[in-house]
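Notes for the one structure printed next.
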Amino acid sequence: MQILRLDHIVLTVTDIEATCRFYQQVLGMEVVMFAGGRNALSFAQQKINLHQQGKEFEPKAYSPTPGSADICLIAATPLSEVIDHLRLCGVPILEGPIARTGAIGPITSVYFRDPDNNLIEVANYGDA
């Protein structure tokens with residue numbers, strides 16, 4: 001077997017509307033609906049499907065829990081602009097910019113939390 005890429009992940013959230021608003025306004029993701037009114041956050045060629053806590057779709061994670069995710073997103077936007085945008089949106093930065101290691105090499109990252117306290121890392125490779 002050879003895996004090519006991630007297609008989507010699922011976040012279990014306490015408030016789908018608040019999550020959509022945050023990811024749309026702060027991270028520029030598109031809110032989309034699919035399969036009977038389900039919500040997802042779309043970006044590039046991936047998406048994040050959203051499950052409402054207590055109303056998850058089957059099959060689901062064994063223990064779906066809001067705030068249990070740790071996600072790294074690679075931005076085309078320079079990190080200095082990402083930081084300015086986060087500050088403008090009133091999103092507290094937990095750490096960064098800081099050097100880390102991504103899937104294909106060195107990255108520079110900044111960390112913050114979404115409305116469910118999931119850890120979100122936005123990073124650039126090289127001098128992006």
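Chain lettering (A, B, ...) mirrors the order of the structure tokens, residue numbering begins at 1 for each chain separately, and ligand numbering begins at 1 in order of display.
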
Close residues, A:Asp114 itself excluded, 12 Å, only C-alpha atoms, min 3 positions apart in chain, as an NGL selection string:
:A and (11 or 13-16 or 18-27 or 66-71 or 86 or 90-94 or 111 or 117-121)

Keeping only N, CA and C atoms, write the selected residues as a CSV table (one decimal), in the first residue's frame.
chain,number,residue,atom,x,y,z
A,11,LEU,N,-12.9,17.2,13.1
A,11,LEU,CA,-12.8,17.8,14.5
A,11,LEU,C,-14.2,17.7,15.1
A,13,VAL,N,-16.5,19.3,17.8
A,13,VAL,CA,-16.5,20.7,18.4
A,13,VAL,C,-17.8,20.9,19.2
A,14,THR,N,-17.7,21.9,20.1
A,14,THR,CA,-18.8,22.2,21.0
A,14,THR,C,-19.8,23.1,20.3
A,15,ASP,N,-19.3,23.9,19.3
A,15,ASP,CA,-20.2,24.9,18.7
A,15,ASP,C,-19.8,25.0,17.2
A,16,ILE,N,-20.5,24.4,16.3
A,16,ILE,CA,-20.1,24.4,14.9
A,16,ILE,C,-20.1,25.8,14.3
A,18,ALA,N,-19.5,28.7,15.9
A,18,ALA,CA,-18.3,29.4,16.4
A,18,ALA,C,-17.0,28.9,15.7
A,19,THR,N,-17.0,27.6,15.5
A,19,THR,CA,-15.8,27.0,14.8
A,19,THR,C,-15.7,27.5,13.4
A,20,CYS,N,-16.8,27.5,12.7
A,20,CYS,CA,-16.8,27.9,11.3
A,20,CYS,C,-16.4,29.4,11.2
A,21,ARG,N,-16.9,30.2,12.1
A,21,ARG,CA,-16.6,31.6,12.1
A,21,ARG,C,-15.1,31.8,12.3
A,22,PHE,N,-14.5,31.1,13.3
A,22,PHE,CA,-13.1,31.3,13.6
A,22,PHE,C,-12.2,30.8,12.5
A,23,TYR,N,-12.5,29.7,11.9
A,23,TYR,CA,-11.6,29.2,10.9
A,23,TYR,C,-11.8,30.0,9.6
A,24,GLN,N,-12.9,30.6,9.4
A,24,GLN,CA,-13.2,31.4,8.2
A,24,GLN,C,-12.5,32.8,8.4
A,25,GLN,N,-12.7,33.4,9.5
A,25,GLN,CA,-12.2,34.7,9.7
A,25,GLN,C,-10.7,34.7,10.0
A,26,VAL,N,-10.2,33.8,10.8
A,26,VAL,CA,-8.8,33.8,11.3
A,26,VAL,C,-7.9,33.1,10.3
A,27,LEU,N,-8.4,32.0,9.7
A,27,LEU,CA,-7.5,31.2,8.8
A,27,LEU,C,-7.9,31.2,7.4
A,66,PRO,N,-13.8,17.4,22.0
A,66,PRO,CA,-13.4,18.8,21.6
A,66,PRO,C,-12.1,19.2,22.3
A,67,GLY,N,-11.2,19.8,21.6
A,67,GLY,CA,-10.0,20.3,22.2
A,67,GLY,C,-8.8,19.3,22.2
A,68,SER,N,-9.0,18.1,21.6
A,68,SER,CA,-8.0,17.1,21.6
A,68,SER,C,-7.0,17.1,20.4
A,69,ALA,N,-7.3,18.0,19.4
A,69,ALA,CA,-6.5,18.0,18.2
A,69,ALA,C,-5.2,19.0,18.3
A,70,ASP,N,-4.2,18.6,17.6
A,70,ASP,CA,-3.0,19.4,17.4
A,70,ASP,C,-2.7,19.4,16.0
A,71,ILE,N,-2.9,20.5,15.3
A,71,ILE,CA,-2.9,20.5,13.8
A,71,ILE,C,-1.8,21.5,13.4
A,86,LEU,N,-3.2,37.5,13.1
A,86,LEU,CA,-3.7,36.9,14.4
A,86,LEU,C,-3.9,38.0,15.4
A,90,GLY,N,-7.4,39.4,17.3
A,90,GLY,CA,-7.5,39.2,18.8
A,90,GLY,C,-7.2,37.8,19.2
A,91,VAL,N,-6.4,37.1,18.4
A,91,VAL,CA,-6.1,35.7,18.8
A,91,VAL,C,-4.7,35.7,19.5
A,92,PRO,N,-4.7,35.3,20.8
A,92,PRO,CA,-3.4,35.2,21.5
A,92,PRO,C,-2.5,34.2,20.9
A,93,ILE,N,-1.2,34.6,20.8
A,93,ILE,CA,-0.2,33.7,20.3
A,93,ILE,C,0.5,33.0,21.5
A,94,LEU,N,0.5,31.7,21.5
A,94,LEU,CA,1.0,30.9,22.6
A,94,LEU,C,2.5,30.8,22.6
A,111,TYR,N,2.0,29.3,17.3
A,111,TYR,CA,1.0,28.5,17.9
A,111,TYR,C,-0.1,29.3,18.5
A,117,ASN,N,-10.1,25.0,22.1
A,117,ASN,CA,-8.7,24.9,22.7
A,117,ASN,C,-7.9,23.9,21.9
A,118,ASN,N,-8.2,23.5,20.7
A,118,ASN,CA,-7.3,22.7,19.9
A,118,ASN,C,-6.1,23.5,19.6
A,119,LEU,N,-4.9,22.9,19.6
A,119,LEU,CA,-3.7,23.6,19.3
A,119,LEU,C,-3.5,23.7,17.8
A,120,ILE,N,-3.4,24.9,17.3
A,120,ILE,CA,-3.2,25.2,15.9
A,120,ILE,C,-1.8,25.8,15.7
A,121,GLU,N,-1.1,25.2,14.8
A,121,GLU,CA,0.3,25.6,14.4
A,121,GLU,C,0.2,26.1,13.0

Find the residues near stretch 76-84 of chain A: any atom within 12 Å, counting only C-alpha atoms, skip ones fewer than 4 places away on the same chain, and give them as JSON, numbers by chain.
{"A": [26, 27, 28, 43, 44, 88, 89, 90, 91, 92, 93, 94, 95, 96, 97, 98, 99, 107, 108, 109, 110, 111, 112, 121, 122, 123, 124, 125, 126, 127, 128]}

Prev. selection, N, CA, C and O atoms, output as a CSV table (one decimal), in the first residue's frame:
chain,number,residue,atom,x,y,z
A,26,VAL,N,-10.2,33.8,10.8
A,26,VAL,CA,-8.8,33.8,11.3
A,26,VAL,C,-7.9,33.1,10.3
A,26,VAL,O,-6.8,33.6,10.0
A,27,LEU,N,-8.4,32.0,9.7
A,27,LEU,CA,-7.5,31.2,8.8
A,27,LEU,C,-7.9,31.2,7.4
A,27,LEU,O,-7.3,30.6,6.5
A,28,GLY,N,-9.0,31.9,7.0
A,28,GLY,CA,-9.3,32.1,5.6
A,28,GLY,C,-9.9,30.9,5.0
A,28,GLY,O,-9.9,30.8,3.7
A,43,PHE,N,-9.9,24.1,2.4
A,43,PHE,CA,-8.7,24.9,2.0
A,43,PHE,C,-7.8,24.1,1.1
A,43,PHE,O,-7.7,22.9,1.3
A,44,ALA,N,-7.2,24.7,0.1
A,44,ALA,CA,-6.4,24.1,-0.8
A,44,ALA,C,-7.1,22.8,-1.3
A,44,ALA,O,-8.2,22.9,-1.9
A,88,LEU,N,-4.5,41.2,14.9
A,88,LEU,CA,-5.7,42.0,14.4
A,88,LEU,C,-7.0,41.3,14.8
A,88,LEU,O,-8.0,41.9,15.1
A,89,CYS,N,-7.0,39.9,14.7
A,89,CYS,CA,-8.2,39.1,15.0
A,89,CYS,C,-8.3,38.9,16.5
A,89,CYS,O,-9.3,38.3,17.0
A,90,GLY,N,-7.4,39.4,17.3
A,90,GLY,CA,-7.5,39.2,18.8
A,90,GLY,C,-7.2,37.8,19.2
A,90,GLY,O,-7.6,37.4,20.3
A,91,VAL,N,-6.4,37.1,18.4
A,91,VAL,CA,-6.1,35.7,18.8
A,91,VAL,C,-4.7,35.7,19.5
A,91,VAL,O,-3.7,36.0,18.9
A,92,PRO,N,-4.7,35.3,20.8
A,92,PRO,CA,-3.4,35.2,21.5
A,92,PRO,C,-2.5,34.2,20.9
A,92,PRO,O,-2.8,33.0,20.6
A,93,ILE,N,-1.2,34.6,20.8
A,93,ILE,CA,-0.2,33.7,20.3
A,93,ILE,C,0.5,33.0,21.5
A,93,ILE,O,0.9,33.7,22.4
A,94,LEU,N,0.5,31.7,21.5
A,94,LEU,CA,1.0,30.9,22.6
A,94,LEU,C,2.5,30.8,22.6
A,94,LEU,O,3.2,30.9,23.6
A,95,GLU,N,3.1,30.7,21.3
A,95,GLU,CA,4.5,30.5,21.2
A,95,GLU,C,4.8,30.8,19.7
A,95,GLU,O,4.1,30.6,18.8
A,96,GLY,N,6.0,31.4,19.5
A,96,GLY,CA,6.5,31.6,18.2
A,96,GLY,C,6.7,33.1,17.9
A,96,GLY,O,6.2,33.9,18.6
A,97,PRO,N,7.3,33.3,16.8
A,97,PRO,CA,7.8,32.3,15.8
A,97,PRO,C,9.0,31.5,16.4
A,97,PRO,O,9.8,32.0,17.2
A,98,ILE,N,9.0,30.2,16.1
A,98,ILE,CA,9.9,29.3,16.6
A,98,ILE,C,10.3,28.2,15.6
A,98,ILE,O,9.4,27.9,14.8
A,99,ALA,N,11.5,27.8,15.5
A,99,ALA,CA,12.0,26.8,14.6
A,99,ALA,C,11.5,25.4,15.0
A,99,ALA,O,11.5,25.0,16.2
A,107,ILE,N,10.8,24.2,9.5
A,107,ILE,CA,9.7,25.2,9.4
A,107,ILE,C,9.9,26.2,10.5
A,107,ILE,O,10.6,25.9,11.5
A,108,THR,N,9.2,27.3,10.3
A,108,THR,CA,9.1,28.3,11.4
A,108,THR,C,7.6,28.4,11.7
A,108,THR,O,6.8,28.6,10.8
A,109,SER,N,7.3,28.3,13.0
A,109,SER,CA,5.9,28.1,13.4
A,109,SER,C,5.4,29.2,14.4
A,109,SER,O,6.3,29.7,15.1
A,110,VAL,N,4.1,29.4,14.4
A,110,VAL,CA,3.5,30.1,15.5
A,110,VAL,C,2.3,29.3,16.0
A,110,VAL,O,1.6,28.6,15.2
A,111,TYR,N,2.0,29.3,17.3
A,111,TYR,CA,1.0,28.5,17.9
A,111,TYR,C,-0.1,29.3,18.5
A,111,TYR,O,0.2,30.3,19.2
A,112,PHE,N,-1.3,28.8,18.4
A,112,PHE,CA,-2.5,29.5,19.1
A,112,PHE,C,-3.6,28.4,19.2
A,112,PHE,O,-3.4,27.3,18.8
A,121,GLU,N,-1.1,25.2,14.8
A,121,GLU,CA,0.3,25.6,14.4
A,121,GLU,C,0.2,26.1,13.0
A,121,GLU,O,-0.3,25.3,12.1
A,122,VAL,N,0.6,27.3,12.7
A,122,VAL,CA,0.7,27.8,11.3
A,122,VAL,C,2.2,28.0,11.1
A,122,VAL,O,2.9,28.6,11.9
A,123,ALA,N,2.7,27.5,9.9
A,123,ALA,CA,4.1,27.5,9.7
A,123,ALA,C,4.4,27.8,8.2
A,123,ALA,O,3.6,27.7,7.4
A,124,ASN,N,5.7,28.2,8.0
A,124,ASN,CA,6.3,28.4,6.7
A,124,ASN,C,7.5,27.6,6.6
A,124,ASN,O,8.3,27.4,7.5
A,125,TYR,N,7.7,27.0,5.4
A,125,TYR,CA,8.9,26.4,5.1
A,125,TYR,C,9.9,27.4,4.5
A,125,TYR,O,9.4,28.4,3.9
A,126,GLY,N,11.2,27.3,4.8
A,126,GLY,CA,12.1,28.2,4.2
A,126,GLY,C,11.9,29.7,4.6
A,126,GLY,O,11.5,30.0,5.7
A,127,ASP,N,12.0,30.5,3.6
A,127,ASP,CA,11.9,32.0,3.8
A,127,ASP,C,10.5,32.5,3.3
A,127,ASP,O,10.4,33.7,3.0
A,128,ALA,N,9.5,31.6,3.3
A,128,ALA,CA,8.2,32.0,2.8
A,128,ALA,C,7.6,33.3,3.5
A,128,ALA,O,7.9,33.5,4.7

Could you pull the residues within 12 Å of A:Ala35, counting only C-alpha atoms, minus those fewer than 5 positions along the same chain, as a list in words?
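Selected residues are Ala40, Asn49 and Phe57 of chain A.
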
Just write the chosen residues, C-alpha atoms, as a PDB file, in the first residue's frame.
ATOM      1  CA  ALA A  40     -16.720  21.336   6.664  1.00  0.00           C
ATOM      2  CA  ASN A  49     -15.180  17.910   8.584  1.00  0.00           C
ATOM      3  CA  PHE A  57     -21.672  10.818  12.574  1.00  0.00           C
TER       4      PHE A  57
END

Using only C-alpha atoms, determine which residues lie at most 12 Å from stretch 3-6 of chain A, disregarding the query and same-chain residues fewer than 2 positions distant; provide the list as a PyMOL selection string.
chain A and resi 1+8-10+44-48+103

Write the residues of the preceding selection, restricted to C-alpha atoms, as a tab-separated table (two decimals), in the first residue's frame.
chain	number	residue	atom	x	y	z
A	1	MET	CA	0.00	0.00	0.00
A	8	HIS	CA	-9.67	15.27	5.38
A	9	ILE	CA	-9.66	15.13	9.13
A	10	VAL	CA	-12.60	15.42	11.53
A	44	ALA	CA	-6.39	24.07	-0.84
A	45	GLN	CA	-7.16	20.40	-1.64
A	46	GLN	CA	-8.13	19.38	1.90
A	47	LYS	CA	-10.99	19.82	4.30
A	48	ILE	CA	-11.82	19.55	7.96
A	103	ALA	CA	7.12	16.69	7.24

Just list the residues in stretch 35-85 of chain A DSSP gives strand (DSSP E or B) on the backbone, as a list in words.
Arg38, Asn39, Ala40, Leu41, Ser42, Phe43, Gln46, Lys47, Ile48, Asn49, Leu50, His51, Gln52, Asp70, Ile71, Cys72, Leu73 and Ile74 of chain A

In Å, with one decimal, what is the gap from atom CA of A:Phe34 to atom CA of A:Pro64?
20.5 Å
